[in-house]
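upload_27.pdb (PDB, C-alpha atoms) appears below.
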```pdb
ATOM      1  CA  MET A  27      -7.828  -6.648  -2.711
ATOM      2  CA  ALA A  28      -7.463  -3.082  -4.027
ATOM      3  CA  PHE A  29      -6.162  -4.649  -7.225
ATOM      4  CA  ALA A  30      -9.364  -6.677  -7.569
ATOM      5  CA  ASN A  31     -11.793  -3.756  -7.439
ATOM      6  CA  PRO A  32     -11.418   0.012  -8.065
ATOM      7  CA  ASN A  33     -13.780   0.676  -5.158
ATOM      8  CA  ILE A  34     -11.212  -0.717  -2.746
ATOM      9  CA  THR A  35      -8.258   1.235  -1.334
ATOM     10  CA  ALA A  36      -5.605  -0.509   0.755
ATOM     11  CA  VAL A  37      -3.323   1.459   3.058
ATOM     12  CA  ALA A  38      -0.480  -0.105   5.031
ATOM     13  CA  VAL A  39       0.186   2.113   8.049
ATOM     14  CA  GLU A  40       3.362   1.935  10.072
ATOM     15  CA  ALA A  41       1.824   2.357  13.517
ATOM     16  CA  THR A  42       4.885   3.517  15.457
ATOM     17  CA  GLU A  43       5.541   6.342  12.987
ATOM     18  CA  PHE A  44       1.996   7.644  13.240
ATOM     19  CA  PRO A  45       0.987   7.342  16.890
ATOM     20  CA  ASP A  46      -1.955   9.689  16.291
ATOM     21  CA  LEU A  47      -3.474   7.195  13.838
ATOM     22  CA  ALA A  48      -2.669   4.262  16.120
ATOM     23  CA  ARG A  49      -4.472   6.071  18.937
ATOM     24  CA  ARG A  50      -7.426   7.135  16.808
ATOM     25  CA  TYR A  51      -8.029   3.559  15.697
ATOM     26  CA  ARG A  52      -7.102   2.056  19.084
ATOM     27  CA  VAL A  53      -4.319  -0.111  17.734
ATOM     28  CA  THR A  54      -3.017  -2.234  20.596
ATOM     29  CA  GLY A  55      -1.727  -5.145  18.545
ATOM     30  CA  VAL A  56      -0.661  -5.727  14.963
ATOM     31  CA  PRO A  57      -1.583  -6.558  12.353
ATOM     32  CA  LYS A  58      -4.906  -4.833  12.730
ATOM     33  CA  THR A  59      -7.133  -3.885   9.804
ATOM     34  CA  VAL A  60      -9.622  -1.049  10.091
ATOM     35  CA  VAL A  61     -12.399  -1.243   7.517
ATOM     36  CA  ASN A  62     -14.003   2.084   6.566
ATOM     37  CA  GLU A  63     -12.774   3.805   9.720
ATOM     38  CA  THR A  64     -14.925   1.687  11.978
ATOM     39  CA  THR A  65     -14.891  -2.075  12.144
ATOM     40  CA  GLU A  66     -11.742  -4.063  12.632
ATOM     41  CA  ILE A  67     -10.102  -7.328  11.737
ATOM     42  CA  LEU A  68      -7.534  -8.491  14.261
ATOM     43  CA  GLY A  69      -4.504 -10.567  13.404
ATOM     44  CA  ALA A  70      -3.310 -12.158  10.205
ATOM     45  CA  LEU A  71      -6.029 -14.429   8.863
ATOM     46  CA  PRO A  72      -6.014 -16.879   5.972
ATOM     47  CA  GLN A  73      -7.220 -15.305   2.714
ATOM     48  CA  ASP A  74     -10.754 -16.747   2.811
ATOM     49  CA  ALA A  75     -11.378 -15.760   6.414
ATOM     50  CA  TYR A  76      -9.935 -12.281   5.942
ATOM     51  CA  ILE A  77     -12.096 -11.501   2.909
ATOM     52  CA  GLU A  78     -15.094 -13.073   4.609
ATOM     53  CA  GLN A  79     -14.671 -10.718   7.577
ATOM     54  CA  ALA A  80     -14.064  -7.654   5.442
ATOM     55  CA  LEU A  81     -17.192  -8.321   3.369
ATOM     56  CA  ALA A  82     -19.283  -9.140   6.451
ATOM     57  CA  THR A  83     -18.215  -5.779   7.820
ATOM     58  CA  LEU A  84     -19.464  -4.032   4.698
ATOM     59  CA  ASN A  85     -22.813  -5.749   4.824
ATOM     60  CA  SER A  86     -23.326  -4.811   8.460
ATOM     61  CA  GLN A  87     -22.283  -1.200   7.743
ATOM     62  CA  ARG A  88     -24.743  -1.108   4.876
ATOM     63  CA  SER A  89     -27.643  -2.409   6.935
ATOM     64  CA  THR A  90     -26.841   0.084   9.700
ATOM     65  CA  HIS A  91     -26.971   2.903   7.165
ATOM     66  CA  SER A  92     -30.225   1.792   5.605
ATOM     67  CA  ASP A  93     -31.997   1.207   8.946
TER      68      ASP A  93
ATOM     69  CA  MET B  17      27.073   1.770  -2.037
ATOM     70  CA  GLY B  18      23.365   1.514  -1.345
ATOM     71  CA  LEU B  19      21.457  -0.017   1.527
ATOM     72  CA  LEU B  20      21.344  -3.466  -0.013
ATOM     73  CA  ALA B  21      24.179  -5.960  -0.226
ATOM     74  CA  ALA B  22      25.094  -7.207  -3.698
ATOM     75  CA  ALA B  23      23.442 -10.589  -3.072
ATOM     76  CA  GLU B  24      20.182  -8.948  -1.990
ATOM     77  CA  GLN B  25      20.281  -6.691  -5.026
ATOM     78  CA  GLU B  26      20.716  -9.708  -7.268
ATOM     79  CA  LYS B  27      17.768 -11.468  -5.651
ATOM     80  CA  LEU B  28      15.560  -8.408  -6.086
ATOM     81  CA  ARG B  29      16.674  -8.066  -9.691
ATOM     82  CA  GLU B  30      15.504 -11.625 -10.361
ATOM     83  CA  THR B  31      12.254 -11.010  -8.506
ATOM     84  CA  PHE B  32      11.441  -7.883 -10.501
ATOM     85  CA  ASN B  33      12.253  -9.694 -13.734
ATOM     86  CA  ARG B  34       8.814 -11.268 -13.339
ATOM     87  CA  MET B  35       7.225  -7.863 -13.938
ATOM     88  CA  THR B  36       5.586  -7.470 -17.321
ATOM     89  CA  SER B  37       4.664  -3.778 -17.139
ATOM     90  CA  PRO B  38       6.193  -0.671 -15.560
ATOM     91  CA  VAL B  39       5.298   0.645 -12.122
ATOM     92  CA  ARG B  40       5.645   4.185 -10.865
ATOM     93  CA  LEU B  41       5.983   4.871  -7.164
ATOM     94  CA  LEU B  42       4.822   8.249  -5.957
ATOM     95  CA  PHE B  43       6.857   9.196  -2.929
ATOM     96  CA  PHE B  44       5.123  11.753  -0.703
ATOM     97  CA  THR B  45       7.592  13.707   1.354
ATOM     98  CA  GLN B  46       8.117  16.941   3.257
ATOM     99  CA  THR B  47      11.276  18.836   4.067
ATOM    100  CA  LEU B  48      10.707  19.652   7.722
ATOM    101  CA  ASP B  49       9.435  17.559  10.574
ATOM    102  CA  CYS B  50       9.746  14.200   8.891
ATOM    103  CA  GLU B  51      12.053  11.809  10.677
ATOM    104  CA  THR B  52      11.834   8.972   8.185
ATOM    105  CA  CYS B  53      11.430  10.770   4.835
ATOM    106  CA  LEU B  54      15.127  10.559   4.007
ATOM    107  CA  GLN B  55      15.267   6.889   4.980
ATOM    108  CA  THR B  56      12.217   6.201   2.807
ATOM    109  CA  ARG B  57      13.785   7.981  -0.172
ATOM    110  CA  GLN B  58      16.958   5.925   0.295
ATOM    111  CA  ILE B  59      14.994   2.681   0.384
ATOM    112  CA  LEU B  60      12.984   3.645  -2.707
ATOM    113  CA  ASP B  61      16.144   4.672  -4.566
ATOM    114  CA  GLU B  62      17.284   1.047  -4.399
ATOM    115  CA  LEU B  63      14.420  -0.120  -6.599
ATOM    116  CA  PRO B  64      15.160   1.596  -9.946
ATOM    117  CA  LEU B  65      18.737   0.331  -9.545
ATOM    118  CA  VAL B  66      17.530  -3.260  -9.815
ATOM    119  CA  SER B  67      14.675  -2.812 -12.293
ATOM    120  CA  ASP B  68      14.301  -0.415 -15.194
ATOM    121  CA  ARG B  69      10.551  -1.008 -14.955
ATOM    122  CA  ILE B  70      10.346   0.945 -11.695
ATOM    123  CA  THR B  71      10.404   4.735 -11.502
ATOM    124  CA  ILE B  72      10.057   7.070  -8.517
ATOM    125  CA  ASP B  73       8.330  10.455  -8.555
ATOM    126  CA  GLU B  74       8.465  12.785  -5.602
ATOM    127  CA  VAL B  75       5.488  14.792  -4.342
ATOM    128  CA  ASN B  76       5.959  17.341  -1.580
ATOM    129  CA  VAL B  77       2.856  17.124   0.619
ATOM    130  CA  VAL B  78       3.308  20.712   1.799
ATOM    131  CA  LEU B  79       4.131  22.381  -1.524
ATOM    132  CA  ASP B  80       1.959  20.164  -3.685
ATOM    133  CA  LYS B  81      -1.001  19.655  -1.407
ATOM    134  CA  ASP B  82      -3.470  19.294  -4.271
ATOM    135  CA  LYS B  83      -1.617  16.439  -5.873
ATOM    136  CA  ALA B  84      -1.228  14.721  -2.487
ATOM    137  CA  ALA B  85      -4.949  15.178  -1.822
ATOM    138  CA  GLN B  86      -5.724  13.608  -5.181
ATOM    139  CA  TYR B  87      -4.210  10.424  -3.762
ATOM    140  CA  GLY B  88      -5.779  10.880  -0.340
ATOM    141  CA  ILE B  89      -2.387  11.527   1.241
ATOM    142  CA  ASP B  90      -1.965  14.212   3.887
ATOM    143  CA  ARG B  91       1.214  13.087   5.615
ATOM    144  CA  ALA B  92       4.734  11.901   4.915
ATOM    145  CA  PRO B  93       6.427   9.633   4.261
ATOM    146  CA  ALA B  94       3.881   7.860   2.100
ATOM    147  CA  ILE B  95       3.977   5.860  -1.116
ATOM    148  CA  ALA B  96       1.305   5.309  -3.766
ATOM    149  CA  VAL B  97       1.796   2.459  -6.219
ATOM    150  CA  LEU B  98       0.773   3.288  -9.802
ATOM    151  CA  ALA B  99       0.543   1.064 -12.851
ATOM    152  CA  GLN B 100       1.959   2.567 -16.004
ATOM    153  CA  ASP B 101       0.790   1.624 -19.489
ATOM    154  CA  PRO B 102       3.021   1.644 -22.607
ATOM    155  CA  SER B 103       1.975   5.217 -23.465
ATOM    156  CA  GLY B 104       3.328   6.351 -20.096
ATOM    157  CA  ALA B 105      -0.101   7.059 -18.599
ATOM    158  CA  THR B 106      -0.488   5.953 -14.990
ATOM    159  CA  HIS B 107      -3.374   4.244 -13.223
ATOM    160  CA  ASP B 108      -3.698   4.379  -9.472
ATOM    161  CA  SER B 109      -3.693   0.905  -7.917
ATOM    162  CA  ARG B 110      -5.042   2.427  -4.691
ATOM    163  CA  ILE B 111      -2.331   0.638  -2.758
ATOM    164  CA  ARG B 112      -0.639   2.974  -0.270
ATOM    165  CA  PHE B 113       2.080   2.776   2.326
ATOM    166  CA  LEU B 114       2.263   5.221   5.221
ATOM    167  CA  GLY B 115       5.631   5.287   6.967
ATOM    168  CA  ALA B 116       9.062   4.051   5.938
ATOM    169  CA  PRO B 117       8.936   0.694   4.134
ATOM    170  CA  SER B 118      11.668  -0.905   6.209
ATOM    171  CA  GLY B 119      11.748  -4.413   7.657
ATOM    172  CA  TYR B 120       8.778  -6.530   6.731
ATOM    173  CA  GLU B 121       7.070  -3.558   5.067
ATOM    174  CA  PHE B 122       9.803  -3.618   2.437
ATOM    175  CA  ILE B 123       8.664  -7.116   1.472
ATOM    176  CA  SER B 124       5.066  -5.876   1.313
ATOM    177  CA  LEU B 125       6.171  -3.041  -0.955
ATOM    178  CA  VAL B 126       8.034  -5.453  -3.251
ATOM    179  CA  GLN B 127       4.905  -7.651  -3.386
ATOM    180  CA  ALA B 128       2.750  -4.624  -4.245
ATOM    181  CA  VAL B 129       5.120  -3.617  -7.047
ATOM    182  CA  LEU B 130       5.037  -7.159  -8.453
ATOM    183  CA  LEU B 131       1.250  -7.283  -8.260
ATOM    184  CA  VAL B 132       0.787  -3.966 -10.032
ATOM    185  CA  GLY B 133       3.633  -4.803 -12.422
ATOM    186  CA  GLY B 134       1.734  -7.744 -13.815
ATOM    187  CA  ARG B 135       2.687 -10.733 -11.725
ATOM    188  CA  GLY B 136      -0.994 -11.252 -11.036
ATOM    189  CA  SER B 137      -3.003 -11.715  -7.911
ATOM    190  CA  HIS B 138      -2.661 -14.404  -5.246
ATOM    191  CA  LEU B 139      -6.392 -14.273  -4.608
ATOM    192  CA  THR B 140      -8.426 -17.339  -5.446
ATOM    193  CA  ASP B 141     -10.896 -16.993  -8.336
ATOM    194  CA  GLU B 142     -13.756 -17.262  -5.880
ATOM    195  CA  ASN B 143     -12.407 -14.433  -3.708
ATOM    196  CA  ARG B 144     -11.744 -12.289  -6.767
ATOM    197  CA  ARG B 145     -15.367 -12.744  -7.774
ATOM    198  CA  ARG B 146     -16.598 -11.835  -4.319
ATOM    199  CA  LEU B 147     -14.447  -8.709  -4.218
ATOM    200  CA  ALA B 148     -15.492  -7.679  -7.725
ATOM    201  CA  ALA B 149     -19.066  -7.457  -6.440
ATOM    202  CA  VAL B 150     -18.192  -4.702  -3.944
ATOM    203  CA  ASP B 151     -19.999  -1.612  -5.232
ATOM    204  CA  THR B 152     -19.321   0.941  -2.506
ATOM    205  CA  PRO B 153     -16.032   2.623  -1.592
ATOM    206  CA  VAL B 154     -14.012   0.628   0.924
ATOM    207  CA  THR B 155     -10.826   1.651   2.666
ATOM    208  CA  LEU B 156      -8.768  -0.989   4.426
ATOM    209  CA  GLN B 157      -6.127   0.403   6.769
ATOM    210  CA  VAL B 158      -3.679  -2.265   7.833
ATOM    211  CA  PHE B 159      -1.639  -1.287  10.870
ATOM    212  CA  THR B 160       1.770  -2.894  11.260
ATOM    213  CA  THR B 161       4.951  -2.279  13.202
ATOM    214  CA  PRO B 162       8.548  -2.640  11.985
ATOM    215  CA  THR B 163      10.111  -6.006  12.754
TER     216      THR B 163
END
```

Represent the structure contained in this file as structure tokens.
Amino acid sequence: MAFANPNITAVAVEATEFPDLARRYRVTGVPKTVVNETTEILGALPQDAYIEQALATLNSQRSTHSD
Amino acid sequence: MGLLAAAEQEKLRETFNRMTSPVRLLFFTQTLDCETCLQTRQILDELPLVSDRITIDEVNVVLDKDKAAQYGIDRAPAIAVLAQDPSGATHDSRIRFLGAPSGYEFISLVQAVLLVGGRGSHLTDENRRRLAAVDTPVTLQVFTTPT
């Protein structure tokens, strides 16, 4: 996804090595994706569903900001 | 003798043969207080052995804070995957790994190198179009555990 757009950064975090990050983002199961520090996608989803969720997250973040 | 058995090395060599352009891995490390930095360096050192298209550069996150910050990295071990053009200039793919790339993460790292090295994306055309429309900065942090 980062490859598809320069606005996107993808970080794979090894949760057991960085317990502070796992705590900060309340990681209780993996894989877990945190989008822009806030919203989350749980589990490994098929490509369409994963991108759908990530983009839905962005739209909801945007409307929150503009409200 | 490295970490990989000869058969695994051979398999990786074939895999990386699909690369069409060079990839540079920036390895972010620190000398003290880093349990897995050495392990990460050892894993990364395997890659240039099986592909002359892969190079490793080391950045000390304590001594070279500015360079680390440029890539948004403030801890070690971490890896940034960079594309390299024929002139030697690098372009940040914005793909990062925090923590040692062992176990399944090693496969993810290999996939990232292939992607940036020209193998192309697995995304469908439709998804590529949807992602191309994103016009604000997005950071996806994917938490995993070693398996």

Selection result for the ChimeraX specification (/B :<6) & /A on this file, as a PyMOL selection string: chain A and resi 31+33-41+56-62

What would the file look like if the residues just selected were written as a PDB file, in the coordinates of the input with C-alpha atoms?
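Written file, part-v5.pdb:
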```
ATOM      1  CA  ASN A  31     -11.793  -3.756  -7.439  1.00  0.00           C
ATOM      2  CA  ASN A  33     -13.780   0.676  -5.158  1.00  0.00           C
ATOM      3  CA  ILE A  34     -11.212  -0.717  -2.746  1.00  0.00           C
ATOM      4  CA  THR A  35      -8.258   1.235  -1.334  1.00  0.00           C
ATOM      5  CA  ALA A  36      -5.605  -0.509   0.755  1.00  0.00           C
ATOM      6  CA  VAL A  37      -3.323   1.459   3.058  1.00  0.00           C
ATOM      7  CA  ALA A  38      -0.480  -0.105   5.031  1.00  0.00           C
ATOM      8  CA  VAL A  39       0.186   2.113   8.049  1.00  0.00           C
ATOM      9  CA  GLU A  40       3.362   1.935  10.072  1.00  0.00           C
ATOM     10  CA  ALA A  41       1.824   2.357  13.517  1.00  0.00           C
ATOM     11  CA  VAL A  56      -0.661  -5.727  14.963  1.00  0.00           C
ATOM     12  CA  PRO A  57      -1.583  -6.558  12.353  1.00  0.00           C
ATOM     13  CA  LYS A  58      -4.906  -4.833  12.730  1.00  0.00           C
ATOM     14  CA  THR A  59      -7.133  -3.885   9.804  1.00  0.00           C
ATOM     15  CA  VAL A  60      -9.622  -1.049  10.091  1.00  0.00           C
ATOM     16  CA  VAL A  61     -12.399  -1.243   7.517  1.00  0.00           C
ATOM     17  CA  ASN A  62     -14.003   2.084   6.566  1.00  0.00           C
TER      18      ASN A  62
END
```

When you look at stretch 100-106 of chain B with a cut-off of 8 Å (counting only C-alpha atoms), what residues show up, excluding the ones that are within fewer than 6 positions of it in the same chain? I need them as a ChimeraX atom specification. /B:37-40

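Put simply, the PyMOL selection byres ((chain B and resi 26-31) around 9) on this file hits Ala21, Ala22, Ala23, Glu24, Gln25, Phe32, Asn33, Arg34, Met35, Leu63, Leu65, Val66, Ser67, Val126 and Leu130 of chain B.
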
So the first atom is atom CA of B:Arg57 and the second is atom CA of B:Lys83; what is the distance between them in Å, to one decimal place?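 One can read the atom CA of B:Arg57 to atom CA of B:Lys83 distance as 18.5 Å.
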
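Comparing the minimum interatomic distances between B:Leu79 and each of B:Gln127, B:Phe44, B:Ala99, B:Gln55, counting all atoms listed in the file, we find that B:Phe44 sits nearest.
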
Supply stretch 34-47 of chain A as a JSON list (two decimals), in the coordinates of the input, with N, CA and C atoms built in where the input has gaps.
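Final output, saved to part.json:
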```
[["chain", "number", "residue", "atom", "x", "y", "z"],
["A", 34, "ILE", "N", -11.95, -0.36, -3.96],
["A", 34, "ILE", "CA", -11.21, -0.72, -2.75],
["A", 34, "ILE", "C", -9.85, -0.02, -2.70],
["A", 35, "THR", "N", -9.56, 0.61, -1.57],
["A", 35, "THR", "CA", -8.26, 1.24, -1.33],
["A", 35, "THR", "C", -7.60, 0.52, -0.17],
["A", 36, "ALA", "N", -6.33, 0.18, -0.31],
["A", 36, "ALA", "CA", -5.60, -0.51, 0.76],
["A", 36, "ALA", "C", -4.44, 0.35, 1.22],
["A", 37, "VAL", "N", -4.38, 0.61, 2.51],
["A", 37, "VAL", "CA", -3.32, 1.46, 3.06],
["A", 37, "VAL", "C", -2.59, 0.69, 4.15],
["A", 38, "ALA", "N", -1.29, 0.50, 3.98],
["A", 38, "ALA", "CA", -0.48, -0.10, 5.03],
["A", 38, "ALA", "C", 0.07, 1.03, 5.88],
["A", 39, "VAL", "N", -0.23, 1.02, 7.17],
["A", 39, "VAL", "CA", 0.19, 2.11, 8.05],
["A", 39, "VAL", "C", 1.21, 1.61, 9.06],
["A", 40, "GLU", "N", 2.35, 2.28, 9.09],
["A", 40, "GLU", "CA", 3.36, 1.94, 10.07],
["A", 40, "GLU", "C", 2.97, 2.61, 11.39],
["A", 41, "ALA", "N", 2.48, 1.81, 12.32],
["A", 41, "ALA", "CA", 1.82, 2.36, 13.52],
["A", 41, "ALA", "C", 2.75, 3.18, 14.41],
["A", 42, "THR", "N", 4.01, 2.78, 14.54],
["A", 42, "THR", "CA", 4.88, 3.52, 15.46],
["A", 42, "THR", "C", 5.25, 4.89, 14.90],
["A", 43, "GLU", "N", 5.21, 5.03, 13.56],
["A", 43, "GLU", "CA", 5.54, 6.34, 12.99],
["A", 43, "GLU", "C", 4.38, 7.32, 13.06],
["A", 44, "PHE", "N", 3.17, 6.78, 13.20],
["A", 44, "PHE", "CA", 2.00, 7.64, 13.24],
["A", 44, "PHE", "C", 1.15, 7.32, 14.47],
["A", 45, "PRO", "N", 1.68, 7.68, 15.65],
["A", 45, "PRO", "CA", 0.99, 7.34, 16.89],
["A", 45, "PRO", "C", -0.41, 7.96, 16.96],
["A", 46, "ASP", "N", -0.61, 9.08, 16.27],
["A", 46, "ASP", "CA", -1.96, 9.69, 16.29],
["A", 46, "ASP", "C", -2.97, 8.76, 15.63],
["A", 47, "LEU", "N", -2.56, 8.13, 14.52],
["A", 47, "LEU", "CA", -3.47, 7.20, 13.84],
["A", 47, "LEU", "C", -3.67, 5.94, 14.68]]
```
